[in-house]
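I have placed the structure first, in the form of C-alpha cells, so that the comments after it can refer back to it.
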Amino acid sequence: MDSASLSQTFFAGEFRHQIDEKHRVTIPSRWRRNGGVEEFLLVPEQNLQCLLVMSPNEFGRLGASAANAAGLSARDVRVFQRQLHARAQHGSADKQGRLLLPDDLCKQLDLKGEVALVGGAGRFEIWNLARWKRAHQDEHPTYQHVANLVGL
C-alpha cells in the first residue's frame, strides 16, 4: 500500500493490548499494512487524554488543514504547526507489528499495562484503559444524539 492511501485508511474497532516492559504495544493485525516496518508519528492529544498514532501523510494533512483553515491568522497557523511538530515523535512498528512508545509519552499519558487502541479515520488512539472507559461512558450521550441526527 502506498503512503497516499495510508492517509485515507480507517482504523476501525477497539482493541485491548498489553504494553510490555520495553514500552511496546502490538498494533492489531487488521490495522497493519505491508507486513514490514511501518513509520508513524506519535502526538499526545491536546488535552493529554490519549496518544494519537498516524501516518506521516496524515500528520502532513493536519498541518495543511491548519494552513488552509478559514479564520486562522498566519501567527495562529505558525504557533499551531510549531507546537504540533514539537510535540510529535517518530515511531515505527517492527515486523511483528509492535510499536515502540517513547518513555516520556508513556509517563505523561499514564500508558502502562493493558491499554485500549481505538480506531479512527486516518489514525488511531492509544488510551490508558481506565481513562478510556470513562471517556467512552461520558461520550455515549453525544454519540447517541449524533447517531439519531444522521439516521444511524
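Ordering of the C-alpha cells sets the chain letters (A, B, ...), residue numbers begin anew at 1 in every chain, and ligands are numbered from 1 in the order given.
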
Write out as a Markdown table a residue-level contact list of region 87-114 of chain A versus region 16-34 of chain A with cut-off 9 Å: for each qualifying residue the closest pair of atoms and the distance in Å to one decimal, counting only C-alpha atoms, rows sorted by chain and residue number upward.
| residue | atom | partner | partner_atom | distance |
| --- | --- | --- | --- | --- |
| A:Ala93 | CA | A:Ile27 | CA | 7.9 |
| A:Gln96 | CA | A:Thr26 | CA | 7.8 |
| A:Gly97 | CA | A:Ile27 | CA | 5.5 |
| A:Arg98 | CA | A:Thr26 | CA | 4.2 |
| A:Leu99 | CA | A:Arg24 | CA | 5.3 |
| A:Leu100 | CA | A:Arg24 | CA | 4.4 |
| A:Leu101 | CA | A:His23 | CA | 5.4 |
| A:Pro102 | CA | A:His23 | CA | 7.2 |
| A:Asp103 | CA | A:His23 | CA | 7.0 |
| A:Cys106 | CA | A:His23 | CA | 7.6 |
| A:Leu111 | CA | A:Ile19 | CA | 7.7 |
| A:Lys112 | CA | A:Ile19 | CA | 5.7 |
| A:Gly113 | CA | A:Gln18 | CA | 5.2 |
| A:Glu114 | CA | A:Gln18 | CA | 4.3 |

Same residues, C-alpha atoms, saved as a CSV table (one decimal), in the first residue's frame:
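Contents of again27.csv, freshly written:
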chain,number,residue,atom,x,y,z
A,93,ALA,CA,6.3,-0.8,14.1
A,96,GLN,CA,5.9,-8.3,14.4
A,97,GLY,CA,3.6,-5.3,14.4
A,98,ARG,CA,5.0,-3.9,17.7
A,99,LEU,CA,5.1,-0.1,18.1
A,100,LEU,CA,7.7,1.2,20.5
A,101,LEU,CA,6.3,4.0,22.6
A,102,PRO,CA,8.7,6.7,23.9
A,103,ASP,CA,9.2,6.5,27.7
A,106,CYS,CA,4.1,6.7,28.4
A,111,LEU,CA,0.2,4.3,29.4
A,112,LYS,CA,1.2,1.0,31.1
A,113,GLY,CA,-0.2,-2.5,31.4
A,114,GLU,CA,-3.4,-3.0,29.5

Between CA of Leu62 (chain A) and CA of Glu38 (chain A), what is the distance in Å, rounded to a tenth?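 Atom-to-atom, CA of Leu62 (chain A) and CA of Glu38 (chain A) are spaced 19.4 Å apart.
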
Near Gly13 (chain A), counting only C-alpha atoms, which residues have an atom at most 9 Å away, once you skip same-chain residues fewer than 2 positions from it, shown as a PyMOL selection string? chain A and resi 11+15+117-120

Got time to write the residues from that selection, N, CA and C atoms, as a CSV table (one decimal), in the first residue's frame?
chain,number,residue,atom,x,y,z
A,11,PHE,N,-9.0,3.1,10.7
A,11,PHE,CA,-8.7,2.1,11.6
A,11,PHE,C,-10.0,1.8,12.4
A,15,PHE,N,-9.5,-2.3,20.5
A,15,PHE,CA,-8.7,-3.5,20.9
A,15,PHE,C,-8.0,-3.2,22.2
A,117,LEU,N,-6.7,0.4,22.3
A,117,LEU,CA,-6.3,1.0,21.0
A,117,LEU,C,-7.7,1.2,20.3
A,118,VAL,N,-7.9,2.5,19.9
A,118,VAL,CA,-9.2,2.9,19.4
A,118,VAL,C,-9.1,3.4,18.0
A,119,GLY,N,-9.8,2.9,17.1
A,119,GLY,CA,-9.7,3.3,15.7
A,119,GLY,C,-10.3,4.6,15.4
A,120,GLY,N,-9.8,5.2,14.3
A,120,GLY,CA,-10.3,6.5,13.8
A,120,GLY,C,-10.0,6.6,12.3

Atom pair CA of Gln89 (chain A) / CA of Leu105 (chain A): separation (Å):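 Going from CA of Gln89 (chain A) over to CA of Leu105 (chain A), I get 9.2 Å.
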
Per-residue DSSP, region 48-130 of chain A, filtered to strand (DSSP E), as a list in words: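 Selecting the strand (DSSP E) positions of region 48-130 of chain A gives Cys50, Leu51, Leu52, Val53, Met54, Gln89, His90, Gly91, Ser92, Ala93, Arg98, Leu99, Leu100, Gly113, Glu114, Val115, Ala116, Leu117, Val118, Gly119, Arg123, Phe124, Glu125, Ile126, Trp127 and Asn128 of chain A.
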
Out of region 42-97 of chain A, which residues get helix (DSSP H, G or I) from DSSP, as a ChimeraX atom specification? /A:56-68,74-87

Dump of N, CA and C atoms for the selected residues, as a tab-separated table (two decimals), in the first residue's frame:
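Final output, saved to result-v1.tsv:
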chain	number	residue	atom	x	y	z
A	56	PRO	N	2.78	9.47	8.38
A	56	PRO	CA	3.34	10.77	8.03
A	56	PRO	C	2.41	11.59	7.14
A	57	ASN	N	1.69	10.93	6.22
A	57	ASN	CA	0.75	11.66	5.37
A	57	ASN	C	-0.38	12.28	6.17
A	58	GLU	N	-0.91	11.55	7.11
A	58	GLU	CA	-1.99	12.08	7.95
A	58	GLU	C	-1.47	13.25	8.77
A	59	PHE	N	-0.26	13.13	9.28
A	59	PHE	CA	0.35	14.22	10.04
A	59	PHE	C	0.49	15.47	9.15
A	60	GLY	N	0.96	15.28	7.93
A	60	GLY	CA	1.07	16.39	6.99
A	60	GLY	C	-0.27	17.00	6.65
A	61	ARG	N	-1.30	16.15	6.55
A	61	ARG	CA	-2.65	16.64	6.27
A	61	ARG	C	-3.14	17.57	7.38
A	62	LEU	N	-2.81	17.25	8.63
A	62	LEU	CA	-3.20	18.11	9.75
A	62	LEU	C	-2.58	19.50	9.62
A	63	GLY	N	-1.31	19.53	9.30
A	63	GLY	CA	-0.64	20.82	9.12
A	63	GLY	C	-1.24	21.61	7.98
A	64	ALA	N	-1.54	20.94	6.88
A	64	ALA	CA	-2.15	21.61	5.73
A	64	ALA	C	-3.55	22.10	6.06
A	65	SER	N	-4.29	21.35	6.85
A	65	SER	CA	-5.63	21.78	7.25
A	65	SER	C	-5.57	23.07	8.04
A	66	ALA	N	-4.60	23.18	8.93
A	66	ALA	CA	-4.45	24.41	9.70
A	66	ALA	C	-4.10	25.57	8.79
A	67	ALA	N	-3.19	25.32	7.85
A	67	ALA	CA	-2.75	26.38	6.94
A	67	ALA	C	-3.89	26.89	6.07
A	68	ASN	N	-4.87	26.02	5.78
A	68	ASN	CA	-5.98	26.39	4.91
A	68	ASN	C	-7.27	26.70	5.65
A	74	ALA	N	-2.10	34.08	10.29
A	74	ALA	CA	-0.80	33.47	9.95
A	74	ALA	C	-0.05	33.11	11.23
A	75	ARG	N	-0.15	33.96	12.25
A	75	ARG	CA	0.51	33.67	13.52
A	75	ARG	C	-0.07	32.42	14.16
A	76	ASP	N	-1.41	32.28	14.18
A	76	ASP	CA	-2.04	31.10	14.76
A	76	ASP	C	-1.56	29.82	14.07
A	77	VAL	N	-1.46	29.88	12.74
A	77	VAL	CA	-1.01	28.71	11.98
A	77	VAL	C	0.43	28.37	12.35
A	78	ARG	N	1.30	29.40	12.43
A	78	ARG	CA	2.70	29.16	12.80
A	78	ARG	C	2.81	28.54	14.18
A	79	VAL	N	2.06	29.10	15.14
A	79	VAL	CA	2.11	28.58	16.51
A	79	VAL	C	1.61	27.14	16.55
A	80	PHE	N	0.48	26.88	15.89
A	80	PHE	CA	-0.06	25.52	15.88
A	80	PHE	C	0.95	24.55	15.28
A	81	GLN	N	1.50	24.90	14.12
A	81	GLN	CA	2.44	23.99	13.47
A	81	GLN	C	3.70	23.80	14.29
A	82	ARG	N	4.18	24.86	14.91
A	82	ARG	CA	5.37	24.74	15.76
A	82	ARG	C	5.08	23.79	16.92
A	83	GLN	N	3.96	23.99	17.59
A	83	GLN	CA	3.61	23.15	18.73
A	83	GLN	C	3.35	21.71	18.31
A	84	LEU	N	2.65	21.52	17.19
A	84	LEU	CA	2.38	20.18	16.68
A	84	LEU	C	3.67	19.43	16.41
A	85	HIS	N	4.59	20.08	15.71
A	85	HIS	CA	5.86	19.42	15.38
A	85	HIS	C	6.74	19.21	16.61
A	86	ALA	N	6.69	20.13	17.56
A	86	ALA	CA	7.50	19.99	18.77
A	86	ALA	C	7.01	18.82	19.63
A	87	ARG	N	5.71	18.58	19.61
A	87	ARG	CA	5.15	17.52	20.44
A	87	ARG	C	5.20	16.14	19.78

Name the closest residue to Val115 (chain A) among the candidates A:Phe40, A:Leu51, A:Ala147, A:Lys95; distances are taken between atoms, counting only C-alpha atoms. A:Leu51

Out of A:Glu14, A:Gly91, A:Leu72, A:Asn148, which residue has the shortest atom-to-atom distance to Leu41 (chain A) when counting only C-alpha atoms?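 Among A:Glu14, A:Gly91, A:Leu72, A:Asn148, it is A:Gly91 that comes nearest to Leu41 (chain A).
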
Please provide the set of residues having any atom within 12 Å of His136 (chain A), restricted to only C-alpha atoms, with same-chain residues fewer than 5 positions apart removed, written as a PyMOL selection string. chain A and resi 14+49+116+118+127-131+141-144
